[in-house]
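Asker: File name final01.csv; file contents CSV, C-alpha atoms and all ligand atoms; full text below.
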```csv
chain,number,residue,atom,x,y,z
A,157,MET,CA,0.0,0.0,0.0
A,158,ALA,CA,1.2,3.5,-0.7
A,159,THR,CA,-0.1,7.0,0.1
A,160,LEU,CA,-1.0,9.4,-2.7
A,161,GLY,CA,-1.8,12.8,-1.2
A,162,GLN,CA,-4.3,12.1,1.6
A,163,THR,CA,-5.6,8.9,0.0
A,164,THR,CA,-4.4,5.5,0.8
A,165,ILE,CA,-4.6,3.4,-2.4
A,166,SER,CA,-3.9,-0.3,-3.2
A,167,PRO,CA,-1.0,-1.2,-5.6
A,168,ALA,CA,-3.5,-2.0,-8.4
A,169,GLN,CA,-4.8,1.5,-8.4
A,170,GLU,CA,-1.4,3.2,-8.2
A,171,LEU,CA,-0.4,5.6,-11.0
A,172,ARG,CA,2.7,4.8,-13.0
A,173,THR,CA,5.5,6.8,-11.4
A,174,ILE,CA,8.5,8.4,-13.1
A,175,ILE,CA,11.4,10.8,-12.3
A,176,VAL,CA,12.1,13.3,-15.0
A,177,THR,CA,15.3,15.4,-14.5
A,178,GLY,CA,16.1,18.8,-16.0
A,179,ALA,CA,12.5,19.8,-16.1
A,180,SER,CA,13.0,23.6,-15.9
A,181,SER,CA,13.0,24.1,-19.7
A,182,GLY,CA,13.1,22.4,-23.1
A,183,ILE,CA,12.7,18.7,-23.4
A,184,GLY,CA,12.4,17.9,-19.7
A,185,ALA,CA,9.8,20.7,-19.1
A,186,TYR,CA,7.7,19.4,-22.0
A,187,CYS,CA,8.0,15.7,-21.1
A,188,ALA,CA,7.2,16.2,-17.4
A,189,ARG,CA,3.9,18.0,-18.3
A,190,ALA,CA,3.0,15.7,-21.1
A,191,LEU,CA,3.5,12.6,-19.0
A,192,LYS,CA,1.5,14.2,-16.1
A,193,ALA,CA,-1.3,14.9,-18.6
A,194,GLU,CA,-1.2,11.2,-19.7
A,195,GLY,CA,-1.8,10.0,-16.2
A,196,TRP,CA,1.7,9.5,-14.8
A,197,ARG,CA,2.7,10.5,-11.4
A,198,VAL,CA,5.7,12.7,-12.2
A,199,PHE,CA,8.5,13.6,-9.9
A,200,ALA,CA,10.4,16.3,-11.8
A,201,THR,CA,13.6,18.1,-10.9
A,202,ALA,CA,14.9,21.6,-11.4
A,203,ARG,CA,17.5,23.8,-9.7
A,204,LYS,CA,16.0,27.3,-9.4
A,205,PRO,CA,13.3,27.9,-6.8
A,206,GLU,CA,11.1,29.6,-9.5
A,207,ASP,CA,11.4,26.6,-11.8
A,208,ILE,CA,10.4,24.2,-8.9
A,209,ALA,CA,7.5,26.5,-8.1
A,210,ALA,CA,6.3,26.5,-11.8
A,211,LEU,CA,6.3,22.7,-11.9
A,212,GLU,CA,4.3,22.5,-8.6
A,213,THR,CA,1.8,25.0,-10.0
A,214,ASP,CA,1.2,22.5,-12.8
A,215,GLY,CA,0.5,19.7,-10.3
A,216,ILE,CA,3.9,18.1,-10.6
A,217,GLU,CA,5.8,17.0,-7.5
A,218,ALA,CA,9.1,18.9,-7.9
A,219,PHE,CA,12.5,18.6,-6.2
A,220,TYR,CA,15.9,20.2,-6.3
A,221,LEU,CA,18.5,18.2,-8.2
A,222,ASP,CA,22.0,19.2,-9.4
A,223,TYR,CA,23.8,16.1,-10.8
A,224,ARG,CA,27.1,17.7,-9.7
A,225,GLU,CA,26.0,17.4,-6.1
A,226,PRO,CA,25.7,13.8,-4.9
A,227,ASN,CA,23.8,14.8,-1.8
A,228,SER,CA,21.0,16.2,-4.0
A,229,ILE,CA,20.8,12.9,-5.8
A,230,GLU,CA,20.6,11.0,-2.6
A,231,ALA,CA,17.9,13.4,-1.2
A,232,LEU,CA,15.8,13.1,-4.4
A,233,VAL,CA,15.7,9.3,-4.3
A,234,ALA,CA,14.9,9.2,-0.6
A,235,SER,CA,12.0,11.8,-1.0
A,236,VAL,CA,10.6,10.1,-4.1
A,237,LEU,CA,10.7,6.6,-2.6
A,238,GLU,CA,9.1,7.8,0.6
A,239,ARG,CA,6.2,9.1,-1.4
A,240,THR,CA,5.8,6.0,-3.6
A,241,GLY,CA,6.3,3.4,-0.9
A,242,GLY,CA,9.6,2.3,-2.4
A,243,ARG,CA,8.6,1.8,-6.0
A,244,LEU,CA,9.3,3.6,-9.3
A,245,ASP,CA,8.3,2.6,-12.8
A,246,GLY,CA,10.5,4.9,-14.9
A,247,LEU,CA,13.5,7.2,-14.8
A,248,PHE,CA,14.2,9.8,-17.5
A,249,ASN,CA,17.7,11.1,-17.1
A,250,ASN,CA,17.6,14.3,-19.1
A,251,GLY,CA,19.2,17.3,-17.3
A,252,ALA,CA,22.4,18.3,-18.9
A,253,TYR,CA,24.2,21.2,-20.5
A,254,ALA,CA,26.6,21.7,-23.5
A,255,GLN,CA,30.1,23.1,-22.9
A,256,PRO,CA,31.2,24.3,-26.3
A,257,GLY,CA,34.8,25.0,-27.4
A,258,ALA,CA,37.7,23.3,-29.2
A,259,VAL,CA,39.3,20.5,-27.3
A,260,GLU,CA,42.7,22.4,-27.1
A,261,ASP,CA,40.9,25.3,-25.5
A,262,LEU,CA,39.0,23.3,-22.9
A,263,PRO,CA,40.3,23.8,-19.3
A,264,VAL,CA,40.5,20.4,-17.6
A,265,ALA,CA,38.2,21.7,-14.9
A,266,ALA,CA,35.6,22.6,-17.4
A,267,LEU,CA,35.7,19.1,-18.9
A,268,ARG,CA,35.5,17.5,-15.5
A,269,GLU,CA,32.5,19.6,-14.6
A,270,GLN,CA,30.8,18.6,-17.9
A,271,PHE,CA,31.2,15.0,-16.9
A,272,GLU,CA,30.0,15.5,-13.4
A,273,ALA,CA,26.7,17.0,-14.8
A,274,ASN,CA,26.2,14.9,-17.9
A,275,PHE,CA,27.7,11.5,-16.9
A,276,PHE,CA,28.7,10.8,-13.3
A,277,GLY,CA,25.5,12.2,-11.9
A,278,TRP,CA,23.4,10.2,-14.3
A,279,HIS,CA,25.3,7.0,-13.3
A,280,ASP,CA,24.8,7.8,-9.6
A,281,LEU,CA,21.0,8.4,-10.0
A,282,THR,CA,20.6,5.3,-12.2
A,283,ARG,CA,22.4,2.9,-9.8
A,284,ARG,CA,20.3,4.2,-6.9
A,285,ILE,CA,17.1,3.3,-8.9
A,286,VAL,CA,18.1,-0.1,-10.2
A,287,PRO,CA,17.7,-1.9,-6.9
A,288,VAL,CA,14.2,-0.5,-6.6
A,289,MET,CA,13.3,-1.8,-10.1
A,290,ARG,CA,15.0,-5.2,-9.4
A,291,ARG,CA,12.9,-5.6,-6.2
A,292,GLN,CA,9.6,-4.9,-8.1
A,293,GLY,CA,10.7,-6.9,-11.2
A,294,HIS,CA,10.2,-4.2,-13.8
A,295,GLY,CA,11.3,-0.7,-14.8
A,296,ARG,CA,12.3,1.6,-17.6
A,297,LEU,CA,15.6,3.5,-17.6
A,298,VAL,CA,15.6,6.1,-20.4
A,299,HIS,CA,18.5,8.4,-21.0
A,300,CYS,CA,18.5,11.5,-23.2
A,301,SER,CA,21.7,11.2,-25.1
A,302,SER,CA,22.3,13.0,-28.4
A,303,ILE,CA,23.3,12.5,-32.0
A,304,LEU,CA,26.6,13.9,-30.8
A,305,GLY,CA,26.9,10.7,-28.6
A,306,LEU,CA,27.0,8.8,-31.9
A,307,THR,CA,28.9,11.2,-34.2
A,308,PRO,CA,31.2,13.8,-32.8
A,309,VAL,CA,31.2,17.3,-34.3
A,310,ARG,CA,34.0,19.9,-33.9
A,311,PHE,CA,33.9,22.5,-31.1
A,312,ARG,CA,31.6,20.2,-29.1
A,313,GLY,CA,34.3,17.9,-27.7
A,314,ALA,CA,33.3,18.1,-24.0
A,315,TYR,CA,29.6,17.5,-24.7
A,316,SER,CA,30.2,14.9,-27.3
A,317,ALA,CA,32.6,13.0,-25.1
A,318,SER,CA,30.1,13.0,-22.2
A,319,LYS,CA,27.4,11.6,-24.5
A,320,HIS,CA,29.7,9.0,-26.1
A,321,ALA,CA,30.6,7.9,-22.5
A,322,LEU,CA,26.9,7.7,-21.6
A,323,GLU,CA,26.2,5.6,-24.7
A,324,GLY,CA,29.0,3.2,-23.7
A,325,LEU,CA,28.0,2.9,-20.1
A,326,MET,CA,24.3,2.5,-20.6
A,327,LEU,CA,24.6,0.1,-23.5
A,328,CYS,CA,26.7,-2.2,-21.1
A,329,MET,CA,23.9,-1.8,-18.6
A,330,HIS,CA,21.3,-2.7,-21.3
A,331,GLN,CA,23.1,-6.0,-21.7
A,332,GLU,CA,23.6,-6.6,-17.9
A,333,LEU,CA,19.9,-6.1,-17.2
A,334,GLN,CA,18.6,-8.5,-19.8
A,335,GLY,CA,16.0,-10.8,-18.2
A,336,SER,CA,15.6,-8.6,-15.2
A,337,GLY,CA,12.4,-6.9,-16.4
A,338,ILE,CA,14.3,-3.6,-16.5
A,339,HIS,CA,14.8,-2.0,-19.9
A,340,VAL,CA,17.4,0.6,-20.9
A,341,SER,CA,16.9,3.0,-23.8
A,342,LEU,CA,18.9,5.9,-25.2
A,343,ILE,CA,17.2,8.7,-27.1
A,344,GLU,CA,19.5,10.4,-29.6
A,345,PRO,CA,18.0,13.7,-30.7
A,346,GLY,CA,19.4,16.1,-33.3
A,347,PRO,CA,18.5,19.8,-32.9
A,348,VAL,CA,15.4,20.4,-30.9
A,349,THR,CA,14.1,23.8,-29.7
A,350,SER,CA,15.1,24.4,-26.1
A,351,LYS,CA,17.4,26.6,-24.1
A,352,ILE,CA,20.4,24.4,-24.7
A,353,ALA,CA,22.1,26.9,-27.0
A,354,SER,CA,21.6,30.0,-24.7
A,355,ASN,CA,22.8,27.9,-21.8
A,356,ALA,CA,25.8,26.8,-23.8
A,357,LEU,CA,26.7,30.5,-24.5
A,358,PHE,CA,27.0,31.0,-20.8
A,359,TRP,CA,29.5,28.0,-20.5
A,360,PHE,CA,31.4,29.1,-23.6
A,361,LEU,CA,32.0,32.6,-22.3
A,362,ARG,CA,32.8,31.4,-18.8
A,363,ASN,CA,35.4,28.7,-19.8
A,364,ILE,CA,36.8,29.4,-23.2
A,365,ASP,CA,39.5,32.1,-23.8
A,366,HIS,CA,38.1,32.6,-27.3
A,367,GLU,CA,39.9,35.9,-28.1
A,368,ASN,CA,43.3,34.3,-27.7
A,369,SER,CA,42.5,31.0,-29.4
A,370,ALA,CA,43.9,29.6,-32.7
A,371,HIS,CA,40.2,29.1,-33.5
A,372,ARG,CA,39.3,32.8,-32.9
A,373,LEU,CA,37.7,33.3,-36.3
A,374,ASP,CA,35.7,30.1,-36.2
A,375,TYR,CA,34.5,31.0,-32.8
A,376,GLU,CA,32.9,34.2,-34.2
A,377,ALA,CA,30.5,32.0,-36.2
A,378,GLN,CA,30.0,29.7,-33.2
A,379,LEU,CA,29.1,32.8,-31.0
A,380,ALA,CA,26.7,34.1,-33.6
A,381,ARG,CA,25.1,30.6,-33.8
A,382,LEU,CA,24.7,30.4,-30.0
A,383,ARG,CA,23.4,33.9,-29.7
A,384,ALA,CA,20.8,33.1,-32.3
A,385,GLY,CA,19.6,30.2,-30.2
A,386,GLY,CA,21.5,27.3,-31.8
A,387,SER,CA,21.4,25.7,-35.2
A,388,ILE,CA,19.3,27.5,-37.7
A,389,SER,CA,17.3,24.8,-39.4
A,390,SER,CA,13.9,24.7,-40.9
A,391,LEU,CA,13.9,21.0,-39.8
A,392,LYS,CA,14.2,21.9,-36.1
A,393,PRO,CA,11.2,20.5,-34.3
A,394,GLY,CA,10.0,21.0,-30.7
A,395,PRO,CA,10.5,18.7,-27.7
A,396,GLU,CA,7.3,16.7,-28.6
A,397,VAL,CA,9.5,14.5,-30.9
A,398,VAL,CA,11.5,13.4,-27.9
A,399,HIS,CA,8.4,12.8,-25.9
A,400,ALA,CA,7.1,10.5,-28.6
A,401,ALA,CA,10.3,8.4,-28.3
A,402,LEU,CA,10.1,8.5,-24.5
A,403,ARG,CA,6.5,7.2,-24.5
A,404,HIS,CA,7.6,4.3,-26.7
A,405,ALA,CA,10.5,3.6,-24.4
A,406,LEU,CA,8.3,3.7,-21.4
A,407,LEU,CA,5.2,1.8,-22.6
A,408,SER,CA,6.1,-0.5,-25.5
A,409,ARG,CA,6.4,-4.2,-24.8
A,410,ARG,CA,9.6,-4.0,-26.8
A,411,PRO,CA,11.4,-0.8,-26.0
A,412,ARG,CA,14.3,-0.1,-28.3
A,413,PRO,CA,17.9,0.4,-27.2
A,414,HIS,CA,18.2,3.4,-29.5
A,415,TYR,CA,15.7,6.1,-30.6
A,416,VAL,CA,17.3,8.4,-33.2
A,417,VAL,CA,15.1,11.5,-33.3
A,418,THR,CA,14.8,14.3,-35.9
A,419,VAL,CA,15.7,14.2,-39.6
A,420,PRO,CA,19.3,15.7,-39.2
A,421,ALA,CA,20.1,13.0,-36.6
A,422,LYS,CA,18.8,10.2,-38.9
A,423,ILE,CA,20.9,11.7,-41.7
A,424,GLY,CA,23.9,11.7,-39.4
A,425,VAL,CA,23.5,8.0,-38.6
A,426,MET,CA,23.0,7.1,-42.2
A,427,LEU,CA,26.2,9.1,-43.3
A,428,LYS,CA,28.2,7.4,-40.6
A,429,ARG,CA,27.2,4.0,-42.0
A,430,LEU,CA,27.7,4.9,-45.6
A,431,LEU,CA,30.8,7.2,-45.7
A,432,PRO,CA,34.4,6.3,-45.1
A,433,ALA,CA,35.4,7.8,-41.7
A,434,SER,CA,37.8,10.4,-43.2
A,435,ALA,CA,35.2,11.7,-45.6
A,436,LEU,CA,32.6,11.9,-42.8
A,437,TYR,CA,35.0,13.9,-40.6
A,438,ARG,CA,36.0,16.2,-43.4
A,439,MET,CA,32.3,16.9,-44.0
A,440,LEU,CA,31.6,17.5,-40.3
A,441,ALA,CA,34.6,19.8,-40.0
A,442,LYS,CA,32.9,22.3,-42.4
A,443,ARG,CA,30.0,22.8,-40.1
A,444,ALA,CA,29.9,26.0,-38.0
B,501,LIG,N1,17.9,20.5,-27.7
B,501,LIG,C1,18.7,19.8,-28.4
B,501,LIG,O1,18.9,20.2,-29.6
B,501,LIG,C2,19.2,18.5,-27.9
B,501,LIG,C3,19.8,17.6,-28.8
B,501,LIG,C4,20.3,16.4,-28.4
B,501,LIG,C5,20.3,16.1,-27.1
B,501,LIG,N2,19.7,17.0,-26.2
B,501,LIG,C6,19.7,16.6,-24.8
B,501,LIG,O2,18.4,16.9,-24.2
B,501,LIG,C7,18.5,17.0,-22.8
B,501,LIG,C8,17.7,18.2,-22.4
B,501,LIG,O3,18.2,19.4,-23.0
B,501,LIG,P1,17.4,20.6,-23.6
B,501,LIG,O4,17.7,20.6,-25.0
B,501,LIG,O5,16.0,20.5,-23.1
B,501,LIG,O6,18.1,21.9,-22.9
B,501,LIG,P2,17.7,22.9,-21.9
B,501,LIG,O7,16.4,23.6,-22.3
B,501,LIG,O8,18.9,23.7,-21.6
B,501,LIG,O9,17.4,22.1,-20.6
B,501,LIG,C9,18.4,21.5,-19.8
B,501,LIG,C10,17.9,21.1,-18.5
B,501,LIG,O10,19.0,20.4,-17.8
B,501,LIG,C11,19.1,21.0,-16.5
B,501,LIG,N3,20.5,20.9,-16.0
B,501,LIG,C12,21.6,21.5,-16.5
B,501,LIG,N4,22.7,21.2,-15.7
B,501,LIG,C13,22.2,20.4,-14.8
B,501,LIG,C14,22.8,19.8,-13.7
B,501,LIG,N5,24.1,19.9,-13.3
B,501,LIG,N6,22.0,19.0,-12.8
B,501,LIG,C15,20.7,18.8,-13.1
B,501,LIG,N7,20.1,19.4,-14.1
B,501,LIG,C16,20.8,20.2,-15.0
B,501,LIG,C17,18.7,22.5,-16.8
B,501,LIG,O11,18.4,23.1,-15.5
B,501,LIG,P3,18.7,24.7,-15.3
B,501,LIG,O12,17.6,25.4,-15.9
B,501,LIG,O13,18.7,24.8,-13.8
B,501,LIG,O14,20.0,25.0,-15.9
B,501,LIG,C18,17.5,22.3,-17.6
B,501,LIG,O15,16.4,21.9,-16.8
B,501,LIG,C19,20.0,17.1,-22.5
B,501,LIG,O16,20.4,15.8,-22.0
B,501,LIG,C20,20.6,17.4,-23.8
B,501,LIG,O17,21.9,16.9,-23.9
B,501,LIG,C21,19.2,18.2,-26.6
```
Could you quickly redo this structure as structure tokens?

Answerer:
Amino acid sequence: MATLGQTTISPAQELRTIIVTGASSGIGAYCARALKAEGWRVFATARKPEDIAALETDGIEAFYLDYREPNSIEALVASVLERTGGRLDGLFNNGAYAQPGAVEDLPVAALREQFEANFFGWHDLTRRIVPVMRRQGHGRLVHCSSILGLTPVRFRGAYSASKHALEGLMLCMHQELQGSGIHVSLIEPGPVTSKIASNALFWFLRNIDHENSAHRLDYEAQLARLRAGGSISSLKPGPEVVHAALRHALLSRRPRPHYVVTVPAKIGVMLKRLLPASALYRMLAKRA
């Protein structure tokens, strides 16, 4: 038996439960609300008090989480499990940021911080949830990776490395959990409207000495792109495309290990299969 608000309900009546991280904007904000509208009991995370308040206004149970702070991960899991009576059906690891800049210009501390947020924190939260799912005999672990986790693109080394690492780690877990009733899926979006570019501008200006870089001229195009809100593409959809993949990963009897989302991401995967590596990297190097 578990308590939902003031009402004690039996397991058969319980709502499906999920943690959605990074729900202050973009993909997480959309998916948290869409899942709530579809009948899920959503535990969403954000960092700023006003973002937590906005989620609560929409009837979502909201918590503070910063993946760089292990204490906040521990506190989130304790609070959620207390409310669900120790159960959880889904985890959507989503909160992350992009640290732009050429690899040679990346301070080591900036690369470490990127991995704390995009990789180590995701591992920590996931391994705290796996025992819960093992006890109940089912669960869905869904991770928002990126096309840049499959195909690296210049000036995105830190972000791309964090997503490649995520792909490697979670695909091992996918195999290790076979037969457990727990499924692991990676969603690999291409460009989707969100605040990722404006947030990346902050990290670029904070950590990259762009005026003294050998890449100074290229960075001007990079800065213009980030200031304009990211890649300028008529093919850029909204976060609903990621939500559609997430729904499949959560509800399908046969969730897929990979969900490549958006036309540019699908083209990227196809080119990686078809082109010799040197030709592919030459082509990618021409991108701003
Ligand atoms: N949009 C795209 O084109 C695209 C493409 C491929 C993959 N993705 C992936 O999609 C996911 C969501 O990104 P988005 O596009 O929706 O970007 P977004 O609008 O910038 O949202 C990112 C979310 O992550 C949170 N976050 C950042 N650092 C965090 C940390 N250290 N701990 C916990 N949460 C943190 C942000 O919180 P604050 O508001 O507090 O900073 C925000 O809620 C990310 O994993 C990203 O890599 C996005």

Asker: Kindly assemble as JSON lines a list of the chain A residues that lie within 7 Å of ligand LIG 501 (chain B), each paired with its nearest atom pair and their distance in Å to one decimal, using all atoms listed in the file, sorted first by chain and then by ascending residue number.

Answerer:
```
{"residue": "A:Thr177", "atom": "CA", "partner": "B:LIG501", "partner_atom": "N7", "distance": 6.3}
{"residue": "A:Gly178", "atom": "CA", "partner": "B:LIG501", "partner_atom": "O15", "distance": 3.2}
{"residue": "A:Ala179", "atom": "CA", "partner": "B:LIG501", "partner_atom": "O15", "distance": 4.5}
{"residue": "A:Ser180", "atom": "CA", "partner": "B:LIG501", "partner_atom": "O15", "distance": 3.9}
{"residue": "A:Ser181", "atom": "CA", "partner": "B:LIG501", "partner_atom": "O7", "distance": 4.3}
{"residue": "A:Gly182", "atom": "CA", "partner": "B:LIG501", "partner_atom": "O5", "distance": 3.5}
{"residue": "A:Ile183", "atom": "CA", "partner": "B:LIG501", "partner_atom": "O5", "distance": 3.8}
{"residue": "A:Gly184", "atom": "CA", "partner": "B:LIG501", "partner_atom": "O5", "distance": 5.6}
{"residue": "A:Ala202", "atom": "CA", "partner": "B:LIG501", "partner_atom": "O13", "distance": 5.5}
{"residue": "A:Arg203", "atom": "CA", "partner": "B:LIG501", "partner_atom": "O13", "distance": 4.4}
{"residue": "A:Lys204", "atom": "CA", "partner": "B:LIG501", "partner_atom": "O13", "distance": 5.7}
{"residue": "A:Leu221", "atom": "CA", "partner": "B:LIG501", "partner_atom": "C15", "distance": 5.4}
{"residue": "A:Asp222", "atom": "CA", "partner": "B:LIG501", "partner_atom": "N6", "distance": 3.4}
{"residue": "A:Tyr223", "atom": "CA", "partner": "B:LIG501", "partner_atom": "N6", "distance": 4.0}
{"residue": "A:Arg224", "atom": "CA", "partner": "B:LIG501", "partner_atom": "N5", "distance": 5.2}
{"residue": "A:Asn250", "atom": "CA", "partner": "B:LIG501", "partner_atom": "O16", "distance": 4.3}
{"residue": "A:Gly251", "atom": "CA", "partner": "B:LIG501", "partner_atom": "O10", "distance": 3.1}
{"residue": "A:Ala252", "atom": "CA", "partner": "B:LIG501", "partner_atom": "C12", "distance": 4.1}
{"residue": "A:Tyr253", "atom": "CA", "partner": "B:LIG501", "partner_atom": "C12", "distance": 4.8}
{"residue": "A:Ala254", "atom": "CA", "partner": "B:LIG501", "partner_atom": "O17", "distance": 6.7}
{"residue": "A:Ala273", "atom": "CA", "partner": "B:LIG501", "partner_atom": "N5", "distance": 4.2}
{"residue": "A:Cys300", "atom": "CA", "partner": "B:LIG501", "partner_atom": "O16", "distance": 4.9}
{"residue": "A:Ser301", "atom": "CA", "partner": "B:LIG501", "partner_atom": "C5", "distance": 5.5}
{"residue": "A:Ser302", "atom": "CA", "partner": "B:LIG501", "partner_atom": "C5", "distance": 3.9}
{"residue": "A:Ile303", "atom": "CA", "partner": "B:LIG501", "partner_atom": "C4", "distance": 6.1}
{"residue": "A:Glu344", "atom": "CA", "partner": "B:LIG501", "partner_atom": "C4", "distance": 6.2}
{"residue": "A:Pro345", "atom": "CA", "partner": "B:LIG501", "partner_atom": "C4", "distance": 4.2}
{"residue": "A:Gly346", "atom": "CA", "partner": "B:LIG501", "partner_atom": "C3", "distance": 4.8}
{"residue": "A:Pro347", "atom": "CA", "partner": "B:LIG501", "partner_atom": "O1", "distance": 3.3}
{"residue": "A:Val348", "atom": "CA", "partner": "B:LIG501", "partner_atom": "O1", "distance": 3.7}
{"residue": "A:Thr349", "atom": "CA", "partner": "B:LIG501", "partner_atom": "N1", "distance": 5.4}
{"residue": "A:Ser350", "atom": "CA", "partner": "B:LIG501", "partner_atom": "O7", "distance": 4.1}
{"residue": "A:Lys351", "atom": "CA", "partner": "B:LIG501", "partner_atom": "O7", "distance": 3.6}
{"residue": "A:Ile352", "atom": "CA", "partner": "B:LIG501", "partner_atom": "O8", "distance": 3.5}
{"residue": "A:Asn355", "atom": "CA", "partner": "B:LIG501", "partner_atom": "O8", "distance": 5.7}
```

Asker: What are the closest atom pairs, with distances in Å to one decimal, for all residues of stretch 317-430 of chain A lying within 12 Å of stretch 275-292 of chain A? Consider all atoms listed in the file, order rows by chain and residue number, and present the result as a Markdown table.

Answerer:
```
| residue | atom | partner | partner_atom | distance |
| --- | --- | --- | --- | --- |
| A:Ala317 | CA | A:Phe275 | CA | 9.7 |
| A:Ser318 | CA | A:Phe275 | CA | 6.0 |
| A:Lys319 | CA | A:Phe275 | CA | 7.6 |
| A:His320 | CA | A:Phe275 | CA | 9.7 |
| A:Ala321 | CA | A:Phe275 | CA | 7.3 |
| A:Leu322 | CA | A:Phe275 | CA | 6.1 |
| A:Glu323 | CA | A:Phe275 | CA | 9.9 |
| A:Gly324 | CA | A:Phe275 | CA | 10.8 |
| A:Leu325 | CA | A:His279 | CA | 8.4 |
| A:Met326 | CA | A:His279 | CA | 8.6 |
| A:Met329 | CA | A:Arg283 | CA | 10.1 |
| A:His330 | CA | A:Val286 | CA | 11.8 |
| A:Glu332 | CA | A:Val286 | CA | 11.5 |
| A:Leu333 | CA | A:Arg290 | CA | 9.3 |
| A:Gln334 | CA | A:Arg290 | CA | 11.5 |
| A:Gly335 | CA | A:Arg290 | CA | 10.5 |
| A:Ser336 | CA | A:Arg290 | CA | 6.7 |
| A:Gly337 | CA | A:Arg290 | CA | 7.7 |
| A:Ile338 | CA | A:Met289 | CA | 6.7 |
| A:His339 | CA | A:Met289 | CA | 9.9 |
| A:Val340 | CA | A:Thr282 | CA | 10.4 |
```

Asker: Of the candidates A:Phe248, A:Phe199, A:Phe358, A:Phe219, which one gets nearest to A:Ala401 if we count all atoms listed in the file?

Answerer: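 Smallest distance to A:Ala401 is found for A:Phe248.
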
Asker: Env of A:Leu406: 7 Å cut, atoms = all atoms listed in the file, seq-sep filter 4 positions within chain, self excluded. Answer as a PyMOL selection string.

Answerer: chain A and resi 246+296+402

Asker: Selected residues, C-alpha atoms, written as an mmCIF file, keeping the file's coordinate frame, please.

Answerer:
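Result file follows (out_8.cif):
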```cif
data_model
loop_
_atom_site.group_PDB
_atom_site.id
_atom_site.type_symbol
_atom_site.label_atom_id
_atom_site.label_comp_id
_atom_site.auth_asym_id
_atom_site.auth_seq_id
_atom_site.Cartn_x
_atom_site.Cartn_y
_atom_site.Cartn_z
ATOM 1 C CA GLY A 246 10.500 4.900 -14.900
ATOM 2 C CA ARG A 296 12.300 1.600 -17.600
ATOM 3 C CA LEU A 402 10.100 8.500 -24.500
#
```

Asker: Give me, please, the distance in Å between atom CA of A:Asp365 and atom CA of A:Leu304, quoted to one decimal.

Answerer: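 Computed distance, atom CA of A:Asp365 to atom CA of A:Leu304, equals 23.4 Å.
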
Asker: Residues within 12 Å of (34.3, 24.6, -25.4), file coordinates, counting all atoms listed in the file: what are they? Give the list as a ChimeraX atom specification.

Answerer: /A:253-267,270,309-317,356-366,369,371,375,378-379

Asker: Could you write those residues out with C-alpha atoms, as a PDB file, keeping the file's coordinate frame?

Answerer:
```
ATOM      1  CA  TYR A 253      24.200  21.200 -20.500  1.00  0.00           C
ATOM      2  CA  ALA A 254      26.600  21.700 -23.500  1.00  0.00           C
ATOM      3  CA  GLN A 255      30.100  23.100 -22.900  1.00  0.00           C
ATOM      4  CA  PRO A 256      31.200  24.300 -26.300  1.00  0.00           C
ATOM      5  CA  GLY A 257      34.800  25.000 -27.400  1.00  0.00           C
ATOM      6  CA  ALA A 258      37.700  23.300 -29.200  1.00  0.00           C
ATOM      7  CA  VAL A 259      39.300  20.500 -27.300  1.00  0.00           C
ATOM      8  CA  GLU A 260      42.700  22.400 -27.100  1.00  0.00           C
ATOM      9  CA  ASP A 261      40.900  25.300 -25.500  1.00  0.00           C
ATOM     10  CA  LEU A 262      39.000  23.300 -22.900  1.00  0.00           C
ATOM     11  CA  PRO A 263      40.300  23.800 -19.300  1.00  0.00           C
ATOM     12  CA  VAL A 264      40.500  20.400 -17.600  1.00  0.00           C
ATOM     13  CA  ALA A 265      38.200  21.700 -14.900  1.00  0.00           C
ATOM     14  CA  ALA A 266      35.600  22.600 -17.400  1.00  0.00           C
ATOM     15  CA  LEU A 267      35.700  19.100 -18.900  1.00  0.00           C
ATOM     16  CA  GLN A 270      30.800  18.600 -17.900  1.00  0.00           C
ATOM     17  CA  VAL A 309      31.200  17.300 -34.300  1.00  0.00           C
ATOM     18  CA  ARG A 310      34.000  19.900 -33.900  1.00  0.00           C
ATOM     19  CA  PHE A 311      33.900  22.500 -31.100  1.00  0.00           C
ATOM     20  CA  ARG A 312      31.600  20.200 -29.100  1.00  0.00           C
ATOM     21  CA  GLY A 313      34.300  17.900 -27.700  1.00  0.00           C
ATOM     22  CA  ALA A 314      33.300  18.100 -24.000  1.00  0.00           C
ATOM     23  CA  TYR A 315      29.600  17.500 -24.700  1.00  0.00           C
ATOM     24  CA  SER A 316      30.200  14.900 -27.300  1.00  0.00           C
ATOM     25  CA  ALA A 317      32.600  13.000 -25.100  1.00  0.00           C
ATOM     26  CA  ALA A 356      25.800  26.800 -23.800  1.00  0.00           C
ATOM     27  CA  LEU A 357      26.700  30.500 -24.500  1.00  0.00           C
ATOM     28  CA  PHE A 358      27.000  31.000 -20.800  1.00  0.00           C
ATOM     29  CA  TRP A 359      29.500  28.000 -20.500  1.00  0.00           C
ATOM     30  CA  PHE A 360      31.400  29.100 -23.600  1.00  0.00           C
ATOM     31  CA  LEU A 361      32.000  32.600 -22.300  1.00  0.00           C
ATOM     32  CA  ARG A 362      32.800  31.400 -18.800  1.00  0.00           C
ATOM     33  CA  ASN A 363      35.400  28.700 -19.800  1.00  0.00           C
ATOM     34  CA  ILE A 364      36.800  29.400 -23.200  1.00  0.00           C
ATOM     35  CA  ASP A 365      39.500  32.100 -23.800  1.00  0.00           C
ATOM     36  CA  HIS A 366      38.100  32.600 -27.300  1.00  0.00           C
ATOM     37  CA  SER A 369      42.500  31.000 -29.400  1.00  0.00           C
ATOM     38  CA  HIS A 371      40.200  29.100 -33.500  1.00  0.00           C
ATOM     39  CA  TYR A 375      34.500  31.000 -32.800  1.00  0.00           C
ATOM     40  CA  GLN A 378      30.000  29.700 -33.200  1.00  0.00           C
ATOM     41  CA  LEU A 379      29.100  32.800 -31.000  1.00  0.00           C
TER      42      LEU A 379
END
```
